[in-house]
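Novice: My structure file work_29.txt, compact mmCIF, C-alpha atoms, is below:
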```txt
# COMPACT_ATOMS: atom_id res chain seq x y z
CA MET A 24 -51.08 52.85 -95.11
CA GLY A 25 -53.85 55.45 -95.10
CA LEU A 26 -57.39 54.94 -93.80
CA ILE A 27 -58.94 54.68 -97.27
CA ALA A 28 -56.55 51.89 -98.19
CA ALA A 29 -57.23 50.19 -94.86
CA LEU A 30 -61.05 50.18 -95.18
CA PRO A 31 -61.25 46.68 -96.73
CA ASP A 32 -59.13 45.30 -93.87
CA ILE A 33 -61.27 46.60 -91.00
CA ASP A 34 -63.90 43.86 -91.24
CA LYS A 35 -61.58 40.94 -91.98
CA ASP A 36 -61.77 39.60 -88.42
CA ASP A 37 -65.11 40.16 -86.67
CA LYS A 38 -63.66 39.36 -83.23
CA SER A 39 -60.72 41.73 -83.38
CA VAL A 40 -60.04 45.39 -82.66
CA PHE A 41 -58.48 47.11 -85.67
CA VAL A 42 -56.28 50.08 -84.71
CA MET A 43 -55.61 53.00 -87.07
CA HIS A 44 -53.92 56.27 -86.11
CA GLU A 45 -54.48 58.49 -89.16
CA LYS A 46 -52.30 61.54 -89.76
CA SER A 47 -52.79 62.41 -93.43
CA GLU A 48 -56.03 61.75 -95.32
CA LYS A 49 -58.62 64.52 -95.25
CA LEU A 50 -61.75 63.03 -96.82
CA ILE A 51 -63.00 59.49 -96.40
CA PRO A 52 -66.03 59.07 -98.74
CA PHE A 53 -69.25 57.23 -97.88
CA HIS A 54 -68.42 53.92 -96.24
CA LYS A 55 -69.53 51.61 -93.47
CA HIS A 56 -68.14 48.66 -91.53
CA THR A 57 -69.42 45.82 -89.40
CA LYS A 58 -67.51 47.12 -86.38
CA GLY A 59 -68.20 50.03 -84.07
CA GLN A 60 -65.82 52.96 -84.59
CA LEU A 61 -64.24 54.92 -81.75
CA SER A 62 -62.22 57.90 -83.02
CA TYR A 63 -60.45 60.55 -80.99
CA VAL A 64 -59.80 63.93 -82.64
CA GLU A 65 -56.40 65.10 -81.44
CA GLY A 66 -56.10 68.75 -82.44
CA GLY A 67 -58.10 70.47 -85.16
CA ILE A 68 -61.61 69.51 -86.14
CA ALA A 69 -63.45 66.69 -87.92
CA TYR A 70 -66.87 66.42 -89.57
CA ILE A 71 -69.10 63.34 -89.86
CA THR A 72 -71.98 63.36 -92.36
CA ILE A 73 -74.82 60.87 -91.89
CA ASP A 74 -78.31 61.08 -93.42
CA ASN A 75 -77.88 64.72 -94.50
CA ARG A 76 -76.74 65.78 -91.04
CA THR A 77 -73.25 67.03 -90.29
CA TYR A 78 -71.80 66.34 -86.86
CA VAL A 79 -68.89 68.51 -85.73
CA VAL A 80 -66.12 67.00 -83.61
CA PRO A 81 -63.66 69.52 -82.09
CA ALA A 82 -60.21 68.79 -80.72
CA ARG A 83 -60.04 66.61 -77.58
CA HIS A 84 -63.40 65.04 -78.32
CA PHE A 85 -64.21 61.56 -79.56
CA PHE A 86 -67.05 60.04 -81.52
CA TRP A 87 -68.64 56.61 -81.62
CA ILE A 88 -70.20 55.33 -84.86
CA PRO A 89 -72.26 52.14 -84.52
CA GLN A 90 -71.64 49.18 -86.77
CA GLY A 91 -73.29 49.34 -90.21
CA MET A 92 -73.89 53.11 -90.16
CA GLU A 93 -72.87 54.65 -93.51
CA HIS A 94 -70.99 57.92 -93.15
CA ILE A 95 -68.56 60.43 -94.65
CA LEU A 96 -65.60 61.51 -92.56
CA GLU A 97 -63.80 64.79 -93.26
CA ILE A 98 -60.75 66.18 -91.50
CA GLY A 99 -60.94 69.96 -91.43
CA HIS A 100 -57.55 71.01 -90.07
CA THR A 101 -53.98 70.25 -91.17
CA ALA A 102 -52.86 69.48 -87.60
CA THR A 103 -55.58 66.92 -86.94
CA VAL A 104 -54.60 63.41 -85.92
CA LEU A 105 -57.48 60.93 -85.91
CA ARG A 106 -56.87 57.99 -83.59
CA SER A 107 -59.37 55.23 -84.36
CA LEU A 108 -60.22 51.83 -82.94
CA TYR A 109 -62.71 49.59 -84.73
CA PHE A 110 -64.27 47.24 -82.16
CA TYR A 111 -65.87 43.81 -82.49
CA ALA A 112 -69.65 44.19 -82.25
CA TYR A 113 -70.80 40.85 -80.81
CA ASP A 114 -71.40 42.38 -77.35
CA ASP A 115 -72.90 45.71 -78.46
CA ILE A 116 -76.33 44.75 -77.09
CA SER A 117 -74.85 45.06 -73.59
CA ASP A 118 -75.44 48.82 -73.55
CA PRO A 119 -77.50 51.30 -75.66
CA PHE A 120 -74.37 53.47 -75.98
CA TYR A 121 -73.01 51.19 -78.71
CA SER A 122 -76.10 51.47 -80.92
CA ARG A 123 -76.19 55.27 -81.28
CA LEU A 124 -73.95 57.87 -82.84
CA GLY A 125 -72.45 60.21 -80.28
CA ILE A 126 -69.83 62.94 -79.84
CA TYR A 127 -68.33 63.35 -76.38
CA PRO A 128 -65.59 65.33 -74.59
CA ALA A 129 -62.74 62.90 -73.96
CA SER A 130 -61.61 62.30 -70.39
CA GLU A 131 -57.89 62.34 -69.67
CA LEU A 132 -58.05 58.63 -68.86
CA LEU A 133 -59.59 57.80 -72.23
CA ILE A 134 -57.10 60.01 -74.10
CA GLN A 135 -54.15 58.21 -72.53
CA MET A 136 -55.67 54.79 -73.20
CA ILE A 137 -56.29 55.63 -76.86
CA LYS A 138 -52.76 57.01 -77.27
CA TYR A 139 -51.33 53.82 -75.76
CA SER A 140 -53.13 51.80 -78.45
CA GLU A 141 -50.75 53.25 -81.05
CA ILE A 142 -48.45 50.29 -80.27
CA TRP A 143 -50.90 48.25 -82.39
CA ASP A 144 -51.20 50.79 -85.24
CA GLU A 145 -52.54 49.25 -88.48
CA LYS A 146 -53.02 45.87 -86.82
CA HIS A 147 -55.85 43.54 -85.84
CA VAL A 148 -55.65 42.76 -82.13
CA THR A 149 -57.39 39.58 -80.93
CA ALA A 150 -57.78 37.55 -77.77
CA LYS A 151 -54.62 35.68 -78.77
CA ASP A 152 -52.55 38.87 -78.44
CA GLU A 153 -50.90 40.04 -75.26
CA ASN A 154 -52.80 42.85 -73.48
CA PHE A 155 -55.98 42.34 -75.53
CA GLU A 156 -57.83 42.82 -72.23
CA PHE A 157 -56.65 46.44 -72.26
CA LEU A 158 -58.74 47.12 -75.39
CA VAL A 159 -61.69 45.19 -73.96
CA ALA A 160 -61.55 47.42 -70.87
CA LEU A 161 -61.33 50.54 -73.03
CA LYS A 162 -64.53 49.64 -74.84
CA LYS A 163 -66.34 48.76 -71.60
CA ILE A 164 -65.62 52.11 -69.91
CA LEU A 165 -67.16 54.17 -72.72
CA PRO A 166 -70.80 53.92 -71.54
CA LYS A 167 -69.76 54.30 -67.90
CA THR A 168 -67.84 57.56 -68.29
CA HIS A 169 -69.43 59.25 -71.34
CA GLN A 170 -73.21 59.31 -71.14
CA GLN A 171 -74.32 62.67 -72.59
CA PRO A 172 -73.50 63.27 -76.29
CA LEU A 173 -72.91 66.83 -77.47
CA PRO A 174 -75.59 68.54 -79.61
CA ILE A 175 -73.26 69.86 -82.34
CA ILE A 176 -75.41 68.73 -85.28
CA LEU A 177 -76.19 70.75 -88.39
CA PRO A 178 -78.88 69.35 -90.71
CA ALA A 179 -78.54 69.79 -94.48
CA THR A 180 -81.24 70.62 -97.01
CA HIS A 181 -81.97 69.95 -100.68
CA ASN A 182 -84.82 72.49 -100.79
CA LYS A 183 -83.65 75.30 -103.12
CA GLN A 184 -85.37 78.03 -101.11
CA MET A 185 -83.89 76.73 -97.87
CA MET A 186 -80.47 76.45 -99.48
CA ARG A 187 -80.60 80.18 -100.27
CA ILE A 188 -81.70 81.00 -96.71
CA VAL A 189 -78.99 78.83 -95.14
CA SER A 190 -76.35 80.35 -97.43
CA TYR A 191 -77.50 83.82 -96.40
CA LEU A 192 -77.14 82.90 -92.71
CA GLU A 193 -73.63 81.55 -93.28
CA TRP A 194 -72.45 84.64 -95.16
CA ASN A 195 -74.01 87.03 -92.63
CA ILE A 196 -73.35 85.09 -89.44
CA GLY A 197 -71.86 88.13 -87.69
CA GLU A 198 -74.97 90.26 -88.23
CA LYS A 199 -78.01 90.58 -85.98
CA LEU A 200 -80.10 87.80 -87.49
CA THR A 201 -83.66 87.35 -86.25
CA LEU A 202 -86.65 85.39 -87.45
CA ALA A 203 -88.28 88.72 -88.32
CA ASN A 204 -85.51 90.24 -90.45
CA VAL A 205 -84.55 86.98 -92.19
CA SER A 206 -88.16 86.12 -93.08
CA SER A 207 -88.63 89.67 -94.40
CA ARG A 208 -85.43 89.36 -96.46
CA PHE A 209 -86.92 86.35 -98.27
CA GLY A 210 -90.51 87.61 -98.55
CA LEU A 211 -91.90 85.18 -95.98
CA SER A 212 -93.90 85.56 -92.81
CA GLU A 213 -92.18 84.65 -89.56
CA ARG A 214 -94.58 81.75 -89.17
CA SER A 215 -93.83 80.44 -92.68
CA LEU A 216 -90.05 80.58 -92.16
CA SER A 217 -90.35 78.88 -88.79
CA ARG A 218 -92.48 76.11 -90.30
CA LEU A 219 -90.03 75.73 -93.20
CA PHE A 220 -87.12 75.02 -90.85
CA LYS A 221 -89.12 72.50 -88.82
CA ALA A 222 -90.62 70.74 -91.85
CA ASP A 223 -87.47 70.60 -93.98
CA MET A 224 -84.71 70.12 -91.40
CA ASP A 225 -86.55 69.19 -88.19
CA ILE A 226 -84.94 72.05 -86.26
CA SER A 227 -86.11 75.50 -85.18
CA PHE A 228 -84.73 78.61 -86.84
CA LEU A 229 -83.14 79.79 -83.58
CA GLN A 230 -81.54 76.42 -82.80
CA TYR A 231 -80.13 76.17 -86.33
CA LEU A 232 -78.69 79.69 -86.06
CA LYS A 233 -77.21 79.02 -82.62
CA THR A 234 -75.63 75.77 -83.82
CA LEU A 235 -74.23 77.41 -86.94
CA ARG A 236 -72.67 80.19 -84.86
CA ILE A 237 -70.96 77.75 -82.51
CA ILE A 238 -69.62 75.66 -85.40
CA LYS A 239 -68.19 78.76 -87.08
CA ALA A 240 -66.69 79.79 -83.73
CA ILE A 241 -65.03 76.38 -83.31
CA GLU A 242 -63.54 76.67 -86.80
CA LEU A 243 -62.18 80.15 -86.08
CA LEU A 244 -60.77 79.10 -82.70
CA LEU A 245 -58.92 76.17 -84.24
CA ASN A 246 -57.92 77.66 -87.59
CA THR A 247 -56.99 81.26 -86.72
CA ASP A 248 -55.20 83.22 -84.00
CA LYS A 249 -57.98 85.78 -83.65
CA PRO A 250 -58.70 86.95 -80.09
CA ILE A 251 -61.75 85.27 -78.58
CA ASN A 252 -63.65 88.54 -78.22
CA GLU A 253 -63.23 89.14 -81.98
CA ILE A 254 -64.44 85.63 -82.75
CA ALA A 255 -67.51 86.20 -80.58
CA ASP A 256 -68.25 89.35 -82.57
CA ASP A 257 -67.57 87.58 -85.89
CA VAL A 258 -70.24 84.99 -85.17
CA GLY A 259 -72.86 87.44 -83.94
CA TYR A 260 -72.36 87.73 -80.16
CA SER A 261 -72.10 91.20 -78.64
CA SER A 262 -71.46 89.75 -75.17
CA ILE A 263 -68.38 87.62 -74.53
CA SER A 264 -70.06 86.00 -71.51
CA ALA A 265 -73.13 85.00 -73.54
CA PHE A 266 -70.84 83.57 -76.21
CA SER A 267 -68.81 81.62 -73.64
CA ASP A 268 -71.94 80.24 -71.96
CA THR A 269 -73.48 79.11 -75.26
CA PHE A 270 -70.16 77.60 -76.32
CA HIS A 271 -70.04 75.63 -73.07
CA GLU A 272 -73.62 74.46 -73.59
CA PHE A 273 -72.59 72.86 -76.89
CA THR A 274 -69.08 71.61 -76.12
CA GLN A 275 -68.82 71.32 -72.32
CA SER A 276 -65.70 73.49 -72.51
CA ARG A 277 -64.88 77.20 -72.69
CA PRO A 278 -63.49 78.77 -75.90
CA SER A 279 -60.14 79.43 -74.20
CA ASP A 280 -59.89 75.79 -73.07
CA LEU A 281 -60.47 74.45 -76.58
CA ARG A 282 -57.88 76.77 -78.10
CA LYS A 283 -55.35 76.04 -75.35
CA SER A 284 -55.65 72.26 -75.76
CA ASN A 285 -55.42 72.54 -79.54
CA LYS A 286 -52.26 74.66 -79.29
CA ALA A 287 -50.72 72.10 -76.96
CA VAL A 288 -51.34 69.33 -79.46
CA GLN A 289 -49.95 71.39 -82.34
CA ASN A 290 -46.78 72.19 -80.39
CA PHE A 291 -46.35 68.52 -79.52
CA THR A 292 -46.81 67.30 -83.11
CA ASP A 293 -44.71 70.04 -84.80
```
Represent the structure of the file as structure tokens.
Specialist:
Amino acid sequence: MGLIAALPDIDKDDKSVFVMHEKSEKLIPFHKHTKGQLSYVEGGIAYITIDNRTYVVPARHFFWIPQGMEHILEIGHTATVLRSLYFYAYDDISDPFYSRLGIYPASELLIQMIKYSEIWDEKHVTAKDENFEFLVALKKILPKTHQQPLPIILPATHNKQMMRIVSYLEWNIGEKLTLANVSSRFGLSERSLSRLFKADMDISFLQYLKTLRIIKAIELLLNTDKPINEIADDVGYSSISAFSDTFHEFTQSRPSDLRKSNKAVQNFTD
């Protein structure tokens, strides 16, 4: 059974944990559930869209989606396995962690705990089941061990002028893009372009550009075999050290670490 087919089943028991280890479906359209969703991205890359903002989840990271939050989920790599647990929400008030969307690097302990849950794949697990306490413990450690979400968020726009500007940035991501030359390209003053980004997408021009570059770099690292120095150049970095430092700022890992872990997962699943 795929995740789309399983969606109606997730909320059937509000006191259970529903386990789903997805290996096939690539686009789950807008949906929501009354349970909190913990999903671990094992290899590849996933995208979550909420309120016109796209959140990027690289390999060996997990995300938490609070109950009732409508979202689109897209799997962006053929090797991606999405391991998901949908948790009862009656105790979510115990910690602010459970009420906010977040993307986090997964600890080795959490990875092994999530993998172990595959014994319950496509099942509701309740207090009546043996080892239910294992899943209770898994949920409880999340706020203790994963406190700082990653800032890999790219806002969307419906403003036609901004759509042209954003498209230009995407197609020319490897060029030297500055507020001055981009504003000139579109017949705007630097101040006007800066205000446009803040007013329309609530982000600065430079932060949007930096985020876009890191997202493109993640995609290239996971979807191609290009050397890392070439990827840095492709996304507009002339210095490999500056690229690596910015990458770490966003993902808490180095480009080589992300590629290495993704390769290991691919080799294991092949």
Novice: Near region 61-74 of chain A, within 6 Å and counting all atoms listed in the file, which residues show up once chain neighbours fewer than 4 positions away are dropped, as number ranges by chain?
Specialist: A: 78-87, 94-100, 102-108, 245, 285, 288
Novice: Measuring between all atoms listed in the file, which one of A:Ile175, A:Gln184, A:Ile241, A:Asp223 shows the shortest distance to Phe273 (chain A)?
Specialist: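 Among the listed residues, A:Ile175 lies closest to Phe273 (chain A).
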Novice: Between A:Leu132, A:Ile88, A:Leu244, A:Ala112, which one has atoms that come closest to Asp280 (chain A), using only C-alpha atoms?
Specialist: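 The closest residue to Asp280 (chain A) is A:Leu244.
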Novice: Take CA of Ser264 (chain A) and CA of Ala129 (chain A) and report the distance between them in Å, one decimal.
Specialist: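 Taking CA of Ser264 (chain A) and CA of Ala129 (chain A), their separation equals 24.4 Å.
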Novice: Would you list the contacts of region 58-60 of chain A as a count of residues only, taking every protein, DNA or RNA residue within 10 Å and counting only C-alpha atoms, but skipping same-chain residues closer than 3 positions in sequence?
Specialist: 31
Novice: Considering all atoms listed in the file, return as a list in words whatever protein or nucleic-acid residues lie within 7 Å of Leu243 (chain A), sequence-local ones (same chain, fewer than 4 positions apart) excluded.
Specialist: Lys239, Thr247 and Ile254 of chain A
Novice: Can you tell me which residues surround Lys233 (chain A) at a distance of at most 10 Å, considering only C-alpha atoms, apart from same-chain residues fewer than 2 positions away, and format the answer as a ChimeraX atom specification?
Specialist: /A:175,196,227-231,235-238,258-259,269-270,273
Novice: When you draw a straight line from CA of Ser130 (chain A) to CA of Val148 (chain A), how long is it in Å?
Specialist: 23.6 Å
Novice: When you draw a straight line from CA of Phe209 (chain A) to CA of Leu177 (chain A), how long is it in Å?
Specialist: 21.4 Å
Novice: Which residue is closest to Arg277 (chain A)? Choose from A:Ile251, A:Leu50, A:Met224, A:Leu216 and count only C-alpha atoms.
Specialist: A:Ile251
Novice: Return the single residue from A:Lys151, A:Lys167, A:Lys146, A:His271 that is closest to Ser117 (chain A), with distances computed using all atoms listed in the file.
Specialist: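 Using all atoms listed in the file, Ser117 (chain A) sits closest to A:Lys167.
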